[in-house]
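*Asks:* Dropping in run36.cif, which is mmCIF, C-alpha atoms:
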data_my_file
loop_
_atom_site.group_PDB
_atom_site.id
_atom_site.type_symbol
_atom_site.label_atom_id
_atom_site.label_comp_id
_atom_site.auth_asym_id
_atom_site.auth_seq_id
_atom_site.Cartn_x
_atom_site.Cartn_y
_atom_site.Cartn_z
ATOM 1 C CA GLN U 1328 91.833 106.245 122.922
ATOM 2 C CA ASP U 1329 95.285 107.388 124.062
ATOM 3 C CA GLN U 1330 95.529 109.269 120.772
ATOM 4 C CA THR U 1331 92.412 111.348 121.410
ATOM 5 C CA VAL U 1332 91.775 111.463 125.184
ATOM 6 C CA THR U 1333 94.417 113.002 127.424
ATOM 7 C CA ARG U 1334 92.374 113.693 130.582
ATOM 8 C CA TYR U 1335 89.703 111.842 132.548
ATOM 9 C CA ARG U 1336 87.074 113.897 134.342
ATOM 10 C CA ASN U 1337 86.345 111.260 136.980
ATOM 11 C CA PHE U 1338 87.174 107.758 138.104
ATOM 12 C CA GLU U 1339 84.242 106.293 136.193
ATOM 13 C CA GLU U 1340 85.755 107.480 132.896
ATOM 14 C CA LEU U 1341 89.170 106.107 133.848
ATOM 15 C CA PHE U 1342 87.607 102.818 134.945
ATOM 16 C CA GLU U 1343 85.860 102.613 131.554
ATOM 17 C CA TYR U 1344 89.207 103.173 129.817
ATOM 18 C CA CYS U 1345 90.667 100.220 131.743
ATOM 19 C CA ARG U 1346 87.686 98.128 130.726
ATOM 20 C CA TYR U 1347 88.846 98.371 127.123
ATOM 21 C CA SER U 1348 92.618 98.548 127.569
ATOM 22 C CA ALA U 1349 93.622 96.264 130.446
ATOM 23 C CA ASN U 1350 90.726 93.890 130.988
ATOM 24 C CA PRO U 1351 90.781 92.235 127.537
ATOM 25 C CA VAL U 1352 94.320 91.016 128.270
ATOM 26 C CA GLY U 1353 93.188 89.041 131.312
ATOM 27 C CA ARG U 1354 90.128 87.739 129.521
ATOM 28 C CA LEU U 1355 92.302 86.608 126.619
ATOM 29 C CA VAL U 1356 94.600 84.671 128.959
ATOM 30 C CA LEU U 1357 91.604 83.085 130.662
ATOM 31 C CA GLY U 1358 90.126 82.143 127.288
ATOM 32 C CA LEU U 1359 93.392 80.600 126.113
ATOM 33 C CA CYS U 1360 93.376 78.482 129.284
ATOM 34 C CA GLY U 1361 89.794 77.387 128.651
ATOM 35 C CA TYR U 1362 87.989 79.640 131.139
ATOM 36 C CA GLN U 1363 85.157 81.868 129.953
ATOM 37 C CA ASP U 1364 82.860 82.004 132.959
ATOM 38 C CA ALA U 1365 81.602 85.346 134.241
ATOM 39 C CA GLU U 1366 82.970 84.885 137.765
ATOM 40 C CA ARG U 1367 86.584 84.381 136.687
ATOM 41 C CA GLN U 1368 86.256 87.184 134.138
ATOM 42 C CA ALA U 1369 85.026 89.615 136.805
ATOM 43 C CA LEU U 1370 87.937 88.695 139.101
ATOM 44 C CA SER U 1371 90.345 89.065 136.201
ATOM 45 C CA ASP U 1372 88.872 92.465 135.332
ATOM 46 C CA ALA U 1373 89.448 93.701 138.903
ATOM 47 C CA THR U 1374 93.044 92.498 138.819
ATOM 48 C CA CYS U 1375 93.809 93.919 135.380
ATOM 49 C CA THR U 1376 92.215 97.283 136.125
ATOM 50 C CA ALA U 1377 94.153 97.541 139.391
ATOM 51 C CA LEU U 1378 97.425 96.714 137.637
ATOM 52 C CA GLN U 1379 96.687 99.333 134.967
ATOM 53 C CA LEU U 1380 95.982 101.920 137.674
ATOM 54 C CA ALA U 1381 99.191 101.053 139.551
ATOM 55 C CA ASN U 1382 101.047 101.575 136.285
ATOM 56 C CA PHE U 1383 99.376 104.970 135.827
ATOM 57 C CA TRP U 1384 100.324 106.067 139.340
ATOM 58 C CA GLN U 1385 103.982 105.099 138.943
ATOM 59 C CA ASP U 1386 104.169 106.775 135.516
ATOM 60 C CA VAL U 1387 102.577 110.150 136.320
ATOM 61 C CA ALA U 1388 105.695 112.060 135.228
ATOM 62 C CA SER U 1389 106.285 110.195 131.962
ATOM 63 C CA ASP U 1390 102.587 110.380 131.085
ATOM 64 C CA TRP U 1391 102.678 114.143 131.727
ATOM 65 C CA ALA U 1392 105.613 114.375 129.306
ATOM 66 C CA ARG U 1393 103.372 112.727 126.690
ATOM 67 C CA GLY U 1394 100.594 115.201 127.424
ATOM 68 C CA ARG U 1395 98.440 112.808 129.443
ATOM 69 C CA ILE U 1396 96.996 112.838 132.952
ATOM 70 C CA TYR U 1397 95.337 109.642 134.124
ATOM 71 C CA LEU U 1398 94.548 110.937 137.603
ATOM 72 C CA PRO U 1399 90.833 111.802 137.655
ATOM 73 C CA LEU U 1400 90.523 115.583 137.397
ATOM 74 C CA ASP U 1401 87.662 115.819 139.903
ATOM 75 C CA GLU U 1402 89.745 113.975 142.494
ATOM 76 C CA MET U 1403 92.760 116.156 141.802
ATOM 77 C CA SER U 1404 90.538 119.172 142.402
ATOM 78 C CA ARG U 1405 89.012 117.681 145.551
ATOM 79 C CA PHE U 1406 92.501 117.142 147.011
ATOM 80 C CA GLY U 1407 93.633 120.625 145.936
ATOM 81 C CA VAL U 1408 96.081 119.403 143.302
ATOM 82 C CA ALA U 1409 96.383 121.404 140.080
ATOM 83 C CA PRO U 1410 97.879 119.963 136.881
ATOM 84 C CA GLU U 1411 100.777 122.373 137.379
ATOM 85 C CA THR U 1412 101.751 120.285 140.407
ATOM 86 C CA ILE U 1413 102.691 117.524 137.980
ATOM 87 C CA ALA U 1414 104.528 119.930 135.690
ATOM 88 C CA LEU U 1415 106.536 121.197 138.677
ATOM 89 C CA ALA U 1416 107.043 117.657 140.053
ATOM 90 C CA ARG U 1417 105.873 118.939 143.437
ATOM 91 C CA ALA U 1418 105.131 116.209 145.981
ATOM 92 C CA ASP U 1419 103.596 118.432 148.656
ATOM 93 C CA ASP U 1420 101.038 117.464 151.298
ATOM 94 C CA THR U 1421 98.079 117.701 148.903
ATOM 95 C CA TRP U 1422 99.877 115.523 146.351
ATOM 96 C CA ARG U 1423 100.765 112.938 149.001
ATOM 97 C CA ALA U 1424 97.131 112.780 150.140
ATOM 98 C CA LEU U 1425 95.930 112.314 146.548
ATOM 99 C CA MET U 1426 98.442 109.556 145.861
ATOM 100 C CA GLN U 1427 97.707 107.815 149.159
ATOM 101 C CA PHE U 1428 94.014 107.784 148.230
ATOM 102 C CA GLN U 1429 94.815 106.364 144.779
ATOM 103 C CA THR U 1430 97.128 103.631 146.089
ATOM 104 C CA MET U 1431 94.630 102.600 148.780
ATOM 105 C CA ARG U 1432 91.753 102.345 146.309
ATOM 106 C CA THR U 1433 93.945 100.467 143.840
ATOM 107 C CA ARG U 1434 95.107 98.056 146.548
ATOM 108 C CA VAL U 1435 91.488 97.299 147.464
ATOM 109 C CA LEU U 1436 90.638 96.639 143.816
ATOM 110 C CA LEU U 1437 93.710 94.435 143.394
ATOM 111 C CA GLU U 1438 92.725 92.397 146.450
ATOM 112 C CA SER U 1439 89.148 92.047 145.223
ATOM 113 C CA GLY U 1440 90.525 90.025 142.305
ATOM 114 C CA ARG U 1441 92.763 87.800 144.452
ATOM 115 C CA PRO U 1442 90.231 84.913 144.666
ATOM 116 C CA LEU U 1443 91.065 84.252 141.005
ATOM 117 C CA VAL U 1444 94.406 82.821 142.187
ATOM 118 C CA ARG U 1445 92.543 79.926 143.851
ATOM 119 C CA ALA U 1446 90.116 79.541 140.940
ATOM 120 C CA LEU U 1447 92.886 78.580 138.513
ATOM 121 C CA PRO U 1448 95.198 75.575 138.177
ATOM 122 C CA TRP U 1449 98.168 75.715 140.567
ATOM 123 C CA ARG U 1450 100.832 76.992 138.162
ATOM 124 C CA LEU U 1451 98.657 79.655 136.543
ATOM 125 C CA GLY U 1452 97.394 80.675 139.985
ATOM 126 C CA LEU U 1453 100.968 80.974 141.261
ATOM 127 C CA GLU U 1454 101.935 83.144 138.283
ATOM 128 C CA LEU U 1455 98.931 85.364 138.911
ATOM 129 C CA SER U 1456 99.815 85.561 142.600
ATOM 130 C CA GLY U 1457 103.254 86.796 141.541
ATOM 131 C CA VAL U 1458 101.712 89.467 139.339
ATOM 132 C CA VAL U 1459 99.430 90.577 142.183
ATOM 133 C CA ALA U 1460 102.418 90.683 144.559
ATOM 134 C CA GLY U 1461 104.274 92.823 142.017
ATOM 135 C CA GLY U 1462 101.325 95.204 141.856
ATOM 136 C CA HIS U 1463 101.344 95.496 145.634
ATOM 137 C CA TRP U 1464 105.086 96.101 145.584
ATOM 138 C CA VAL U 1465 104.580 99.059 143.211
ATOM 139 C CA LEU U 1466 101.799 100.518 145.374
ATOM 140 C CA ASP U 1467 103.864 100.015 148.534
ATOM 141 C CA ALA U 1468 106.868 101.698 146.894
ATOM 142 C CA ILE U 1469 104.734 104.703 145.967
ATOM 143 C CA ASP U 1470 103.568 104.924 149.576
ATOM 144 C CA ARG U 1471 107.123 104.528 150.938
ATOM 145 C CA ALA U 1472 108.193 107.454 148.750
ATOM 146 C CA GLY U 1473 105.369 109.576 150.142
ATOM 147 C CA GLY U 1474 103.745 109.575 146.717
ATOM 148 C CA ASP U 1475 106.783 111.246 145.148
ATOM 149 C CA VAL U 1476 106.756 109.333 141.867
ATOM 150 C CA PHE U 1477 108.644 112.239 140.281
ATOM 151 C CA ARG U 1478 111.922 111.476 142.042
ATOM 152 C CA HIS U 1479 111.246 107.898 143.136
ATOM 153 C CA ARG U 1480 109.535 105.973 140.349
ATOM 154 C CA PRO U 1481 109.121 102.396 141.586
ATOM 155 C CA GLN U 1482 111.473 99.958 139.888
ATOM 156 C CA LEU U 1483 112.019 96.391 140.993
ATOM 157 C CA ARG U 1484 115.676 95.764 141.716
ATOM 158 C CA ARG U 1485 117.411 92.428 142.113
ATOM 159 C CA GLY U 1486 116.741 92.119 145.859
ATOM 160 C CA ASP U 1487 113.089 93.062 145.422
ATOM 161 C CA TRP U 1488 112.312 90.025 143.293
ATOM 162 C CA ALA U 1489 112.816 87.665 146.242
ATOM 163 C CA ARG U 1490 110.387 89.721 148.343
ATOM 164 C CA VAL U 1491 107.797 89.678 145.549
ATOM 165 C CA ALA U 1492 108.230 85.905 145.177
ATOM 166 C CA TRP U 1493 107.757 85.466 148.926
ATOM 167 C CA GLN U 1494 104.602 87.615 148.812
ATOM 168 C CA ALA U 1495 103.327 85.524 145.888
ATOM 169 C CA LEU U 1496 103.634 82.398 148.014
ATOM 170 C CA TYR U 1497 102.588 84.000 151.317
ATOM 171 C CA PRO U 1498 100.466 87.118 150.679
ATOM 172 C CA ALA U 1499 100.465 89.717 153.438
ATOM 173 C CA ARG U 1500 97.246 90.036 155.413
ATOM 174 C CA ARG U 1501 97.625 93.831 155.472
ATOM 175 C CA HIS U 1502 96.285 93.978 151.936
ATOM 176 C CA ARG U 1503 92.765 93.009 152.981
ATOM 177 C CA ALA U 1504 90.034 95.129 151.469
ATOM 178 C CA LEU U 1505 88.856 98.078 153.537
ATOM 179 C CA PRO U 1506 85.124 98.813 153.557
ATOM 180 C CA GLY U 1507 84.250 101.897 151.549
ATOM 181 C CA ALA U 1508 87.760 102.353 150.156
ATOM 182 C CA MET U 1509 86.516 102.119 146.566
ATOM 183 C CA ALA U 1510 84.266 105.165 146.958
ATOM 184 C CA ALA U 1511 85.695 108.307 145.484
#
Once more with this new file: its structure as structure tokens, please.
*Replies:*
Amino acid sequence: QDQTVTRYRNFEELFEYCRYSANPVGRLVLGLCGYQDAERQALSDATCTALQLANFWQDVASDWARGRIYLPLDEMSRFGVAPETIALARADDTWRALMQFQTMRTRVLLESGRPLVRALPWRLGLELSGVVAGGHWVLDAIDRAGGDVFRHRPQLRRGDWARVAWQALYPARRHRALPGAMAA
């Protein structure tokens, strides 16, 4: 699909893309570990989609260089952000608002999959908790940079790994789902 589709009109189209790109990875891991039930698969899908979205948000500039925009075009328009904003690497107020909306929605989706951590054996659950903590770290870094992923692309550095490990063991309560945050 990346060879033929370079823009997504709305979040539903982007969500559908994740359904076929990110979600099979989680389902494959679950299957290899002997889990094929619908509940775990749904939690895995939420986690994998959220991680894919976090990756899109941190890679806006490099995706633009490849001719792709993963930000939903209708949401860009609603926030007053034109594609040229990406080309100019302009992190103005409208861009910051768009990115804050995207990171919040992604955080909610990531948290909606968190119960999978407790539905797996300890070691696999701990590994997943680490992955979820890493996803939160990326979203938090985007927010700390005011959405300016052009000049401040999130990258885990040596000292950050300890924080992510701590968050894997003791997840922050501030990542609780907010009612209505998934609505576009």
*Asks:* Here is a test: counting only C-alpha atoms, which residue of U:Ala1418, U:Ile1413, U:Met1426, U:Ala1460 is nearest to Ala1492 (chain U)?
*Replies:* U:Ala1460
*Asks:* Please produce, as JSON lines, a per-residue contact table for region 1336-1384 of chain U versus region 1450-1459 of chain U (criterion: any atom at most 12 Å away, all atoms listed in the file considered), showing the nearest atom pair and its distance in Å to one decimal, sorted by chain then residue number.
*Replies:*
{"residue": "U:Gly1353", "atom": "CA", "partner": "U:Leu1455", "partner_atom": "CA", "distance": 10.2}
{"residue": "U:Val1356", "atom": "CA", "partner": "U:Leu1451", "partner_atom": "CA", "distance": 10.0}
{"residue": "U:Leu1357", "atom": "CA", "partner": "U:Leu1451", "partner_atom": "CA", "distance": 9.8}
{"residue": "U:Leu1359", "atom": "CA", "partner": "U:Leu1451", "partner_atom": "CA", "distance": 11.7}
{"residue": "U:Cys1360", "atom": "CA", "partner": "U:Leu1451", "partner_atom": "CA", "distance": 9.1}
{"residue": "U:Tyr1362", "atom": "CA", "partner": "U:Leu1451", "partner_atom": "CA", "distance": 12.0}
{"residue": "U:Arg1367", "atom": "CA", "partner": "U:Gly1452", "partner_atom": "CA", "distance": 11.9}
{"residue": "U:Leu1370", "atom": "CA", "partner": "U:Leu1455", "partner_atom": "CA", "distance": 11.5}
{"residue": "U:Ser1371", "atom": "CA", "partner": "U:Leu1455", "partner_atom": "CA", "distance": 9.7}
{"residue": "U:Ala1373", "atom": "CA", "partner": "U:Val1459", "partner_atom": "CA", "distance": 11.0}
{"residue": "U:Thr1374", "atom": "CA", "partner": "U:Val1459", "partner_atom": "CA", "distance": 7.5}
{"residue": "U:Cys1375", "atom": "CA", "partner": "U:Val1459", "partner_atom": "CA", "distance": 9.4}
{"residue": "U:Thr1376", "atom": "CA", "partner": "U:Val1459", "partner_atom": "CA", "distance": 11.6}
{"residue": "U:Ala1377", "atom": "CA", "partner": "U:Val1459", "partner_atom": "CA", "distance": 9.2}
{"residue": "U:Leu1378", "atom": "CA", "partner": "U:Val1459", "partner_atom": "CA", "distance": 7.9}
{"residue": "U:Gln1379", "atom": "CA", "partner": "U:Val1459", "partner_atom": "CA", "distance": 11.7}
{"residue": "U:Ala1381", "atom": "CA", "partner": "U:Val1459", "partner_atom": "CA", "distance": 10.8}
*Asks:* Which residues, named as in the file, does the PyMOL selection byres ((chain U and resi 1337) around 8) pick out? Answer as a PyMOL selection string.
*Replies:* chain U and resi 1335-1336+1338-1341+1399-1402
*Asks:* Since I can't run it myself right now, could you work out what the PyMOL selection byres ((chain U and resi 1482) around 10) selects here and report it as a short mmCIF file (atom, residue, chain, number, x, y, z; two decimals) with C-alpha atoms, in the coordinates of the input?
*Replies:*
data_model
loop_
_atom_site.label_atom_id
_atom_site.label_comp_id
_atom_site.auth_asym_id
_atom_site.auth_seq_id
_atom_site.Cartn_x
_atom_site.Cartn_y
_atom_site.Cartn_z
CA GLN U 1385 103.98 105.10 138.94
CA TRP U 1464 105.09 96.10 145.58
CA VAL U 1465 104.58 99.06 143.21
CA ALA U 1468 106.87 101.70 146.89
CA HIS U 1479 111.25 107.90 143.14
CA ARG U 1480 109.54 105.97 140.35
CA PRO U 1481 109.12 102.40 141.59
CA LEU U 1483 112.02 96.39 140.99
CA ARG U 1484 115.68 95.76 141.72
CA ARG U 1485 117.41 92.43 142.11
CA ASP U 1487 113.09 93.06 145.42
#
*Asks:* Which is closest to Trp1488 (chain U) among U:Gly1461, U:Arg1445, U:Asp1470, U:Phe1406, if we use all atoms listed in the file?
*Replies:* U:Gly1461
*Asks:* Would you pick out the contacts of Trp1384 (chain U) at 8 Å or less, using only C-alpha atoms, so that residues sharing its chain but fewer than 2 positions from it are not included, and give the list as a PyMOL selection string?
*Replies:* chain U and resi 1380-1382+1386-1387+1398+1426+1429-1430+1476
*Asks:* Nearest residue to Ala1414 (chain U) out of U:Phe1477, U:Gln1368, U:Thr1433, U:Glu1438, using all atoms listed in the file?
*Replies:* U:Phe1477
*Asks:* How far is it from CA of Arg1432 (chain U) to CA of Asp1475 (chain U), in Å with one decimal?
*Replies:*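 So the two atoms, CA of Arg1432 (chain U) and CA of Asp1475 (chain U), lie 17.5 Å apart.
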*Asks:* Can you turn the PyMOL selection byres ((chain U and resi 1348) around 10) into a concrete residue list for this file, as a PyMOL selection string?
*Replies:* chain U and resi 1328-1329+1342-1347+1349-1352+1375-1376+1379
